[in-house]
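This report refers to the structure that appears directly beneath it.
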2 protein chains.
Amino acid sequence: MDGPPSYETVGRLSRYRRLLTRRVETGSEGVYSHELAAVAGVSAAQVRRDMMAVGANGSPTRGYNVEKLVECLSVELDDPEGSRAALVGVGNLGRAMLSFFQGRRPKLSIVAAFDREPYKVGRVVCGCRCYSMDEMSQVVIDKKITVGIIAVPSSAAQAVASELEDAGVRGILNFAPVALRISPETFSEDIDMTMALERVAYFAGRNS
Amino acid sequence: MDGPPSYETVGRLSRYRRLLTRRVETGSEGVYSHELAAVAGVSAAQVRRDMMAVGANGSPTRGYNVEKLVECLSVELDDPEGSRAALVGVGNLGRAMLSFFQGRRPKLSIVAAFDREPYKVGRVVCGCRCYSMDEMSQVVIDKKITVGIIAVPSSAAQAVASELEDAGVRGILNFAPVALRISPETFSEDIDMTMALERVAYFAGRNS
DNA sequence: TTCACGCTGTGAATTCATACACAGCCTATC
DNA sequence: GATAGGCTGTGTATGAATTCACAGCGTGAA
């Protein structure tokens with residue numbers, strides 16, 4: 001199981017880093033796989049496998065050095081030149097994404113937002129400048145944006161995705177409940193909240 | 001592969017239903033597995049397996065009858081008595097969930113919202129009444145709420161989850177990036193948007 | 001009537017992710 | 001110095017989900 005970290009692993013690495021960053025502030029030096037596993041909600045064996053994937057190694061007696069581990073995770077997760085993301089659709093969901101991301105990560109930031117509504121254009125929302133949709137391609141190119149977040153209605157999602165792709169975006173986080181047709185070069189991840197809620201309702205009923 | 005539909009399958013069933021509901025309006029009668037597969041973004045074989053899971057059957061020449069299929073999916077997905085959900089945390093994310101759900105499903109609706117901010121309490125947000133956090137247990141019990149949506153800051157998430165569970169909730173959709181400690185009786189699904197964005201950024205960089 | 005086509009339904013194979021289980025090692029203790 | 005304990009690192013097993021591949025069948029055409 002060598003080679004690049006898998007889809008699932010990358011997600012957990014991100015979670016580990018966030019948890020460890022908190023821990024660094026409390027001043028603890030070492031962390032055992034079972035401790036990290038407990039706060040991350042996974043098994044200890046899983047944690048150790050994930051550590052293998054990033055080449056981190058711990059000592060049987062001290063566990064993993066927290067600072068080194070954060071460093072190691074960051075080397076794996078972050079693009080050395082940083083990644084810039086664009087948000088398309090400044091509705092409730094878009095603002096939620098912006099406020100989550102207010103300067104959390106030095107190497108990953110949302111540097112532009114786009115919306116169709118004229119009264120939003122030109123304003124600064126949650127620390128991010130809002131542009132008109134017409135400016136999208138140009139801004140994406142100028143700012144070297146490689147990640148797009150689609151938070152527009154389903155009917156507009158495909159057009160936005162295509163335009164982002166043509167402008168050079170190589171990863172898309174899509175909240176619209178439609179299957180995007182994009183080139184296999186471009187990575188995309190869908191988050192379908194309606195589906196998630198229906199699923200929870202389903203299994204809630206089954207467990208009662 | 002008999003027995004109850006799996007986690008992944010249930011998600012897709014929800015998606016199929018939404019896509020088919022649109023199609024019903026256009027008046028088409030039958031649908032082939034490869035057609036549904038194309039719009040859902042999965043393989044044809046996957047669609048047929050999922051159809052097996054709900055006991056739907058199609059004809060080799062006409063495909064699956066759309067109306068019957070929607071009916072069949074609804075029988076599987078919906079609780080006959082309906083499910084009621086509570087939203088905790090009426091921030092941007094909470095409002096996004098509410099607006100997504102404005103009367104979409106007859107058998108699944110968000111019937112109450114809760115927030116700590118006094119100025120939100122008593123107001124109606126996106127068609128949903130907002131209560132104070134103090135009223136949570138009582139309202140959940142009174143309205144027979146079985147599903148909870150946690151859209152509060154991480155620091156408050158565990159307390160909310162425990163209180164919901166004690167009040168009878170059996171399914172939780174959690175947007176806070178923490179691992180909830182809940183009874184195994186209760187189903188929970190986590191949506192971690194920060195993690196998702198970091199993952200997209202990771203794979204975007206890798207493909208460029 | 002016969003034939004060929006295209007789709008469904010499904011056993012079997014494959015791929016992927018997770019959990020198990022233990023050898024090896026380092027430290028602390030006696 | 002010897003010993004015991006506990007954690008890491010990893011081969012192996014298990015389990016889940018997806019895809020492959022094809023038999024069976026109903027329909028429309030010749």
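If you're wondering about the labels, chains in the structure tokens are A, B, ... by order shown, residues count from 1 in each chain, ligands from 1 in order shown.
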What lies within 7 Å of region 42-59 of chain B using only C-alpha atoms (C1' of nucleotides), ignoring chain neighbours under 2 positions off, as a PyMOL selection string? (chain B and resi 2+5+9+33-34+37-38+40+61-65+69+72-73+76) or (chain C and resi 8)
DSSP on the backbone: what in chain A comes out alpha helix (DSSP H), as a ChimeraX atom specification? /A:7-26,33-40,44-54,66-77,92-100,136-142,154-166,193-207
Where does chain C meet chain A within 12 Å, residue by residue, with the nearest atom pair and distance in Å to one decimal for each, counting only C-alpha atoms (C1' of nucleotides), listed by chain and rising number, as CSV?
residue,atom,partner,partner_atom,distance
C:DC16,C1',A:Ser6,CA,9.7
C:DA17,C1',A:Glu8,CA,8.3
C:DT18,C1',A:Gln46,CA,7.4
C:DA19,C1',A:Ala45,CA,7.4
C:DC20,C1',A:Ala45,CA,9.0
C:DA21,C1',A:Ala45,CA,10.8
C:DG24,C1',A:Pro60,CA,10.4
C:DC25,C1',A:Pro60,CA,7.5
C:DC26,C1',A:Pro60,CA,6.5
C:DT27,C1',A:Thr61,CA,6.7
C:DA28,C1',A:Thr61,CA,10.2
Identify all chain A residues at most 7 Å from chain B by counting only C-alpha atoms; ligands do not count. Present them as a compact mmCIF listing (two decimals) with N, CA, C and O atoms, in the first residue's frame.
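Produced file selection34.txt, reproduced below:
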# COMPACT_ATOMS: atom_id res chain seq x y z
N VAL A 10 -6.50 11.15 2.21
CA VAL A 10 -6.27 12.60 2.16
C VAL A 10 -7.28 13.33 3.04
O VAL A 10 -6.92 14.26 3.77
N GLY A 11 -8.51 12.89 3.00
CA GLY A 11 -9.51 13.51 3.87
C GLY A 11 -9.12 13.41 5.33
O GLY A 11 -9.17 14.39 6.08
N SER A 14 -6.25 15.69 6.42
CA SER A 14 -6.72 17.05 6.68
C SER A 14 -7.32 17.17 8.07
O SER A 14 -7.06 18.13 8.81
N ARG A 15 -8.09 16.17 8.44
CA ARG A 15 -8.69 16.20 9.78
C ARG A 15 -7.63 16.10 10.86
O ARG A 15 -7.66 16.82 11.86
N VAL A 39 -9.84 11.11 19.03
CA VAL A 39 -10.42 12.42 18.69
C VAL A 39 -10.85 12.49 17.23
O VAL A 39 -11.76 13.25 16.89
N ALA A 40 -10.22 11.71 16.38
CA ALA A 40 -10.59 11.76 14.96
C ALA A 40 -11.75 10.82 14.65
O ALA A 40 -12.33 10.90 13.57
N GLY A 41 -12.06 9.94 15.57
CA GLY A 41 -13.17 9.02 15.35
C GLY A 41 -12.84 7.89 14.41
O GLY A 41 -13.69 7.42 13.66
N LEU A 77 -0.03 17.83 2.18
CA LEU A 77 -1.32 18.41 1.77
C LEU A 77 -1.18 19.71 0.99
O LEU A 77 -1.95 19.96 0.06
N ASP A 78 -0.24 20.53 1.37
CA ASP A 78 -0.19 21.87 0.78
C ASP A 78 0.65 21.92 -0.47
O ASP A 78 1.75 21.35 -0.52
N ASP A 79 0.17 22.63 -1.45
CA ASP A 79 0.99 22.98 -2.59
C ASP A 79 1.99 24.03 -2.12
O ASP A 79 1.61 25.01 -1.50
N SER A 83 -2.56 27.33 -2.90
CA SER A 83 -3.67 27.14 -3.83
C SER A 83 -4.68 28.26 -3.61
O SER A 83 -4.93 28.64 -2.47
N ASN A 92 -26.52 31.82 0.90
CA ASN A 92 -26.26 31.40 2.27
C ASN A 92 -25.12 30.40 2.33
O ASN A 92 -24.22 30.50 3.17
N LEU A 93 -25.15 29.45 1.43
CA LEU A 93 -24.13 28.42 1.44
C LEU A 93 -22.76 29.01 1.13
O LEU A 93 -21.76 28.69 1.79
N ARG A 95 -21.73 32.04 1.64
CA ARG A 95 -21.23 32.80 2.79
C ARG A 95 -20.76 31.86 3.90
O ARG A 95 -19.79 32.15 4.61
N ALA A 96 -21.43 30.74 4.04
CA ALA A 96 -20.98 29.76 5.04
C ALA A 96 -19.56 29.29 4.71
O ALA A 96 -18.69 29.24 5.59
N THR A 146 -6.98 27.75 -9.00
CA THR A 146 -7.00 26.36 -9.46
C THR A 146 -8.15 25.55 -8.88
O THR A 146 -8.35 24.40 -9.26
N VAL A 147 -8.87 26.14 -7.94
CA VAL A 147 -9.96 25.41 -7.29
C VAL A 147 -11.24 26.24 -7.37
O VAL A 147 -11.21 27.45 -7.12
N ARG A 170 -8.65 23.18 -11.88
CA ARG A 170 -8.39 21.75 -11.96
C ARG A 170 -9.03 20.95 -10.83
O ARG A 170 -8.83 19.74 -10.72
N GLY A 171 -9.78 21.64 -9.98
CA GLY A 171 -10.50 20.94 -8.93
C GLY A 171 -11.78 21.68 -8.62
O GLY A 171 -11.79 22.91 -8.53
N ILE A 172 -12.88 20.95 -8.49
CA ILE A 172 -14.17 21.59 -8.27
C ILE A 172 -14.87 20.95 -7.10
O ILE A 172 -14.99 19.72 -7.02
N LEU A 173 -15.33 21.78 -6.19
CA LEU A 173 -16.18 21.32 -5.10
C LEU A 173 -17.60 21.76 -5.43
O LEU A 173 -17.90 22.95 -5.48
N ALA A 179 -24.88 15.84 -11.76
CA ALA A 179 -23.61 15.24 -12.15
C ALA A 179 -22.97 16.14 -13.18
O ALA A 179 -23.52 16.34 -14.26
N GLU A 185 -9.39 15.08 -16.44
CA GLU A 185 -8.23 15.76 -15.88
C GLU A 185 -8.60 16.51 -14.60
O GLU A 185 -7.77 16.76 -13.75
N THR A 186 -9.84 16.95 -14.56
CA THR A 186 -10.28 17.79 -13.45
C THR A 186 -10.88 16.94 -12.35
O THR A 186 -11.73 16.08 -12.61
N PHE A 187 -10.44 17.18 -11.15
CA PHE A 187 -10.97 16.46 -10.00
C PHE A 187 -12.23 17.16 -9.53
O PHE A 187 -12.28 18.39 -9.45
N SER A 188 -13.25 16.38 -9.19
CA SER A 188 -14.42 17.04 -8.63
C SER A 188 -14.97 16.22 -7.48
O SER A 188 -14.89 15.00 -7.46
N GLU A 189 -15.50 16.94 -6.52
CA GLU A 189 -16.14 16.30 -5.38
C GLU A 189 -17.51 16.93 -5.20
O GLU A 189 -17.65 18.15 -5.23
N MET A 195 -29.39 14.90 -0.31
CA MET A 195 -29.18 13.47 -0.26
C MET A 195 -28.76 13.04 1.15
O MET A 195 -29.26 12.06 1.68
N ALA A 196 -27.85 13.80 1.71
CA ALA A 196 -27.35 13.44 3.04
C ALA A 196 -28.48 13.45 4.06
O ALA A 196 -28.58 12.54 4.89
N LEU A 197 -29.32 14.45 3.98
CA LEU A 197 -30.41 14.52 4.96
C LEU A 197 -31.40 13.38 4.75
O LEU A 197 -31.87 12.77 5.71
N GLU A 198 -31.68 13.07 3.51
CA GLU A 198 -32.61 11.96 3.26
C GLU A 198 -32.01 10.65 3.76
O GLU A 198 -32.72 9.79 4.28
N ARG A 199 -30.73 10.52 3.63
CA ARG A 199 -30.09 9.30 4.10
C ARG A 199 -30.16 9.20 5.62
O ARG A 199 -30.46 8.15 6.17
N VAL A 200 -29.88 10.29 6.28
CA VAL A 200 -29.95 10.28 7.74
C VAL A 200 -31.37 9.93 8.18
O VAL A 200 -31.57 9.12 9.09
N ALA A 201 -32.35 10.54 7.52
CA ALA A 201 -33.74 10.26 7.89
C ALA A 201 -34.05 8.77 7.70
O ALA A 201 -34.71 8.14 8.53
N TYR A 202 -33.53 8.22 6.63
CA TYR A 202 -33.76 6.80 6.35
C TYR A 202 -33.23 5.93 7.47
O TYR A 202 -33.93 5.10 8.02
N PHE A 203 -31.96 6.14 7.82
CA PHE A 203 -31.36 5.27 8.83
C PHE A 203 -31.84 5.60 10.23
O PHE A 203 -31.79 4.75 11.12
N ALA A 204 -32.28 6.81 10.44
CA ALA A 204 -32.87 7.15 11.73
C ALA A 204 -34.14 6.33 11.94
O ALA A 204 -34.37 5.75 13.00
N GLY A 205 -34.95 6.25 10.90
CA GLY A 205 -36.19 5.50 11.01
C GLY A 205 -35.93 4.02 11.21
O GLY A 205 -36.62 3.34 11.96
N ASN A 207 -33.46 2.63 12.74
CA ASN A 207 -32.86 2.30 14.05
C ASN A 207 -33.83 2.47 15.20
O ASN A 207 -33.47 2.18 16.34
N SER A 208 -35.00 2.99 14.95
CA SER A 208 -35.84 3.36 16.10
C SER A 208 -36.68 2.21 16.61
O SER A 208 -36.74 1.16 16.00
Sorted by chain and rising residue number, list the residues of chain D at most 8 Å from chain A (counting only C-alpha atoms (C1' of nucleotides)), each with its closest atom pair and distance in Å to one decimal, as JSON lines.
{"residue": "D:DG6", "atom": "C1'", "partner": "A:Pro60", "partner_atom": "CA", "distance": 7.5}
{"residue": "D:DC7", "atom": "C1'", "partner": "A:Pro60", "partner_atom": "CA", "distance": 4.2}
{"residue": "D:DT8", "atom": "C1'", "partner": "A:Pro60", "partner_atom": "CA", "distance": 5.2}
{"residue": "D:DG9", "atom": "C1'", "partner": "A:Arg48", "partner_atom": "CA", "distance": 7.7}
Shell of 9 Å around DC20 (chain D), only C-alpha atoms (C1' of nucleotides), local chain residues under 4 positions omitted, as a count of residues only: 3
Exercise: DA30 (chain D) partners within 12 Å, only C-alpha atoms (C1' of nucleotides), chain neighbours under 3 positions left out, as number ranges by chain: C: 1-4
